[in-house]
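A.B. asks: What follows is entry17.pdb, made up of PDB, C-alpha atoms:
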ATOM      1  CA  MET A   1      85.609  37.542 -68.822  1.00  0.00           C
ATOM      2  CA  LYS A   2      86.482  33.911 -69.428  1.00  0.00           C
ATOM      3  CA  LYS A   3      87.352  33.500 -65.727  1.00  0.00           C
ATOM      4  CA  PHE A   4      83.983  34.943 -64.746  1.00  0.00           C
ATOM      5  CA  PHE A   5      82.046  32.442 -66.857  1.00  0.00           C
ATOM      6  CA  SER A   6      84.229  29.584 -65.635  1.00  0.00           C
ATOM      7  CA  GLY A   7      83.554  30.590 -62.058  1.00  0.00           C
ATOM      8  CA  PHE A   8      79.848  31.004 -62.743  1.00  0.00           C
ATOM      9  CA  LEU A   9      79.636  27.540 -64.330  1.00  0.00           C
ATOM     10  CA  PHE A  10      81.642  25.975 -61.487  1.00  0.00           C
ATOM     11  CA  GLY A  11      79.379  27.614 -58.897  1.00  0.00           C
ATOM     12  CA  ALA A  12      76.227  26.463 -60.699  1.00  0.00           C
ATOM     13  CA  LEU A  13      77.473  22.857 -60.927  1.00  0.00           C
ATOM     14  CA  THR A  14      78.640  22.834 -57.326  1.00  0.00           C
ATOM     15  CA  SER A  15      75.374  24.243 -55.962  1.00  0.00           C
ATOM     16  CA  GLY A  16      73.392  21.781 -58.105  1.00  0.00           C
ATOM     17  CA  ALA A  17      75.378  18.832 -56.785  1.00  0.00           C
ATOM     18  CA  ILE A  18      75.041  19.983 -53.162  1.00  0.00           C
ATOM     19  CA  THR A  19      71.298  20.499 -53.625  1.00  0.00           C
ATOM     20  CA  LEU A  20      70.889  16.967 -54.967  1.00  0.00           C
ATOM     21  CA  LEU A  21      72.915  15.485 -52.100  1.00  0.00           C
ATOM     22  CA  ILE A  22      71.063  17.252 -49.279  1.00  0.00           C
ATOM     23  CA  ASN A  23      67.582  17.073 -50.807  1.00  0.00           C
ATOM     24  CA  PRO A  24      65.232  15.001 -48.586  1.00  0.00           C
ATOM     25  CA  ARG A  25      63.160  13.717 -51.575  1.00  0.00           C
ATOM     26  CA  ASP A  26      64.083  10.909 -53.915  1.00  0.00           C
ATOM     27  CA  GLY A  27      64.773  11.391 -57.637  1.00  0.00           C
ATOM     28  CA  LYS A  28      61.250  10.448 -58.727  1.00  0.00           C
ATOM     29  CA  SER A  29      59.711  13.043 -56.392  1.00  0.00           C
ATOM     30  CA  ASN A  30      62.208  15.678 -57.537  1.00  0.00           C
ATOM     31  CA  ARG A  31      61.362  14.981 -61.181  1.00  0.00           C
ATOM     32  CA  LYS A  32      57.638  15.301 -60.412  1.00  0.00           C
ATOM     33  CA  VAL A  33      58.169  18.606 -58.576  1.00  0.00           C
ATOM     34  CA  LEU A  34      60.357  19.875 -61.425  1.00  0.00           C
ATOM     35  CA  LEU A  35      57.784  18.797 -64.029  1.00  0.00           C
ATOM     36  CA  ASP A  36      54.998  20.527 -62.070  1.00  0.00           C
ATOM     37  CA  LYS A  37      57.064  23.727 -61.895  1.00  0.00           C
ATOM     38  CA  ILE A  38      57.795  23.546 -65.628  1.00  0.00           C
ATOM     39  CA  ASN A  39      54.090  23.040 -66.401  1.00  0.00           C
ATOM     40  CA  GLN A  40      53.172  25.942 -64.140  1.00  0.00           C
ATOM     41  CA  LEU A  41      55.764  28.143 -65.850  1.00  0.00           C
ATOM     42  CA  HIS A  42      54.470  27.080 -69.274  1.00  0.00           C
ATOM     43  CA  SER A  43      50.912  27.964 -68.229  1.00  0.00           C
ATOM     44  CA  THR A  44      52.056  31.336 -66.897  1.00  0.00           C
ATOM     45  CA  ILE A  45      53.892  32.081 -70.143  1.00  0.00           C
ATOM     46  CA  ASN A  46      50.790  31.173 -72.169  1.00  0.00           C
ATOM     47  CA  ASP A  47      48.651  33.445 -69.983  1.00  0.00           C
ATOM     48  CA  LEU A  48      51.164  36.238 -70.435  1.00  0.00           C
ATOM     49  CA  ASN A  49      51.170  35.772 -74.215  1.00  0.00           C
ATOM     50  CA  GLU A  50      47.370  35.859 -74.285  1.00  0.00           C
ATOM     51  CA  SER A  51      47.289  38.961 -72.097  1.00  0.00           C
ATOM     52  CA  THR A  52      49.867  40.644 -74.321  1.00  0.00           C
ATOM     53  CA  HIS A  53      47.795  39.849 -77.406  1.00  0.00           C
ATOM     54  CA  THR A  54      44.670  41.238 -75.719  1.00  0.00           C
ATOM     55  CA  LEU A  55      46.565  44.375 -74.741  1.00  0.00           C
ATOM     56  CA  HIS A  56      47.810  44.917 -78.308  1.00  0.00           C
ATOM     57  CA  SER A  57      44.285  44.442 -79.654  1.00  0.00           C
ATOM     58  CA  SER A  58      42.893  46.903 -77.114  1.00  0.00           C
ATOM     59  CA  ILE A  59      45.560  49.475 -77.962  1.00  0.00           C
ATOM     60  CA  ASP A  60      44.844  49.124 -81.686  1.00  0.00           C
ATOM     61  CA  ARG A  61      41.092  49.509 -81.097  1.00  0.00           C
ATOM     62  CA  LEU A  62      41.641  52.520 -78.838  1.00  0.00           C
ATOM     63  CA  LYS A  63      43.940  54.122 -81.405  1.00  0.00           C
ATOM     64  CA  THR A  64      41.403  53.609 -84.200  1.00  0.00           C
ATOM     65  CA  GLU A  65      38.473  54.913 -82.145  1.00  0.00           C
ATOM     66  CA  GLY A  66      40.544  57.808 -80.830  1.00  0.00           C
ATOM     67  CA  LEU A  67      41.548  58.881 -84.329  1.00  0.00           C
ATOM     68  CA  LYS A  68      37.914  58.695 -85.475  1.00  0.00           C
ATOM     69  CA  SER A  69      36.799  60.764 -82.494  1.00  0.00           C
ATOM     70  CA  LEU A  70      39.554  63.297 -83.059  1.00  0.00           C
ATOM     71  CA  SER A  71      38.639  63.594 -86.724  1.00  0.00           C
ATOM     72  CA  LEU A  72      34.958  64.131 -85.883  1.00  0.00           C
ATOM     73  CA  PHE A  73      35.834  66.693 -83.218  1.00  0.00           C
ATOM     74  CA  THR A  74      38.096  68.591 -85.619  1.00  0.00           C
ATOM     75  CA  GLU A  75      35.411  68.682 -88.289  1.00  0.00           C
ATOM     76  CA  ASP A  76      32.719  69.803 -85.816  1.00  0.00           C
ATOM     77  CA  PHE A  77      34.978  72.442 -84.299  1.00  0.00           C
ATOM     78  CA  SER A  78      35.975  73.809 -87.717  1.00  0.00           C
ATOM     79  CA  GLN A  79      32.344  74.002 -88.798  1.00  0.00           C
ATOM     80  CA  SER A  80      31.360  75.704 -85.523  1.00  0.00           C
ATOM     81  CA  LEU A  81      34.142  78.253 -85.994  1.00  0.00           C
ATOM     82  CA  ILE A  82      33.025  78.983 -89.558  1.00  0.00           C
ATOM     83  CA  ASN A  83      29.412  79.357 -88.385  1.00  0.00           C
ATOM     84  CA  PHE A  84      30.508  81.696 -85.578  1.00  0.00           C
ATOM     85  CA  GLN A  85      32.479  83.842 -87.980  1.00  0.00           C
ATOM     86  CA  LEU A  86      29.564  84.044 -90.422  1.00  0.00           C
ATOM     87  CA  GLU A  87      26.997  84.788 -87.723  1.00  0.00           C
ATOM     88  CA  ASN A  88      29.133  87.466 -86.066  1.00  0.00           C
ATOM     89  CA  LYS A  89      30.799  89.067 -89.093  1.00  0.00           C
ATOM     90  CA  GLY A  90      28.586  92.148 -88.832  1.00  0.00           C
ATOM     91  CA  ARG A  91      29.214  92.487 -85.085  1.00  0.00           C
ATOM     92  CA  ILE A  92      32.952  92.127 -85.559  1.00  0.00           C
ATOM     93  CA  ASN A  93      32.958  94.813 -88.265  1.00  0.00           C
ATOM     94  CA  ARG A  94      30.914  97.161 -86.029  1.00  0.00           C
ATOM     95  CA  LEU A  95      33.345  96.556 -83.156  1.00  0.00           C
ATOM     96  CA  LYS A  96      36.329  97.280 -85.401  1.00  0.00           C
ATOM     97  CA  THR A  97      34.660 100.510 -86.535  1.00  0.00           C
ATOM     98  CA  ALA A  98      33.890 101.494 -82.952  1.00  0.00           C
ATOM     99  CA  VAL A  99      37.494 100.836 -81.889  1.00  0.00           C
ATOM    100  CA  THR A 100      38.794 102.902 -84.813  1.00  0.00           C
ATOM    101  CA  ASN A 101      36.433 105.771 -83.888  1.00  0.00           C
ATOM    102  CA  LEU A 102      37.572 105.642 -80.272  1.00  0.00           C
ATOM    103  CA  GLN A 103      41.217 105.722 -81.307  1.00  0.00           C
ATOM    104  CA  ASP A 104      40.553 108.733 -83.563  1.00  0.00           C
ATOM    105  CA  ARG A 105      38.786 110.545 -80.733  1.00  0.00           C
ATOM    106  CA  LEU A 106      41.636 109.786 -78.349  1.00  0.00           C
ATOM    107  CA  ASP A 107      44.127 111.110 -80.872  1.00  0.00           C
ATOM    108  CA  GLN A 108      42.138 114.350 -81.120  1.00  0.00           C
ATOM    109  CA  LEU A 109      42.177 114.964 -77.376  1.00  0.00           C
ATOM    110  CA  PRO A 110      44.655 117.626 -76.234  1.00  0.00           C
TER     111      PRO A 110
END
Here is a file; write its structure as structure tokens.
C.D. replies:
Amino acid sequence: MKKFFSGFLFGALTSGAITLLINPRDGKSNRKVLLDKINQLHSTINDLNESTHTLHSSIDRLKTEGLKSLSLFTEDFSQSLINFQLENKGRINRLKTAVTNLQDRLDQLP
């Protein structure tokens, strides 16, 4: 592993030196280009941080609103089910009686 890092460091230094030697711009121009790239990278990182913060805020808001909506839906559905059962209790009992009568009649058939 030590040889790998030594080779990596040697390659990085060598390529850096060659790049400086064959670069058509002078040092001042290179520093300006490098500074511009660093500033652009810094701006991109700040934009990414802001976007990440906005995304987290949106996810939190969506989670909160989703949980509220789910809670309301559950309550409404439960109440609708209770109302259905109360409104149709007589019908359900009549159907159960009719099914029992039919089964008794079928059992009596030869």
A.B. asks: Find the distance between CA of Leu48 in chain A and CA of Lys63 in chain A and write it in Å to one decimal.
C.D. replies: 22.2 Å
A.B. asks: Could you tell me how far CA of Asn46 in chain A lies from CA of Ser29 in chain A, in Å and to one decimal?
C.D. replies: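 So the answer is 25.6 Å.
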A.B. asks: Can you sort out the box for range 72-83 of chain A, edges along x, y and z, all listed atoms in, 6 Å on every side, with centre and edge lengths in Å to one decimal, as lines of an AutoDock Vina configuration file?
C.D. replies:
center_x = 33.8
center_y = 71.7
center_z = -86.4
size_x = 20.7
size_y = 27.2
size_z = 18.3
A.B. asks: How many Å separate CA of Lys32 in chain A from CA of Thr19 in chain A?
C.D. replies: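 A separation of 16.1 Å between them.
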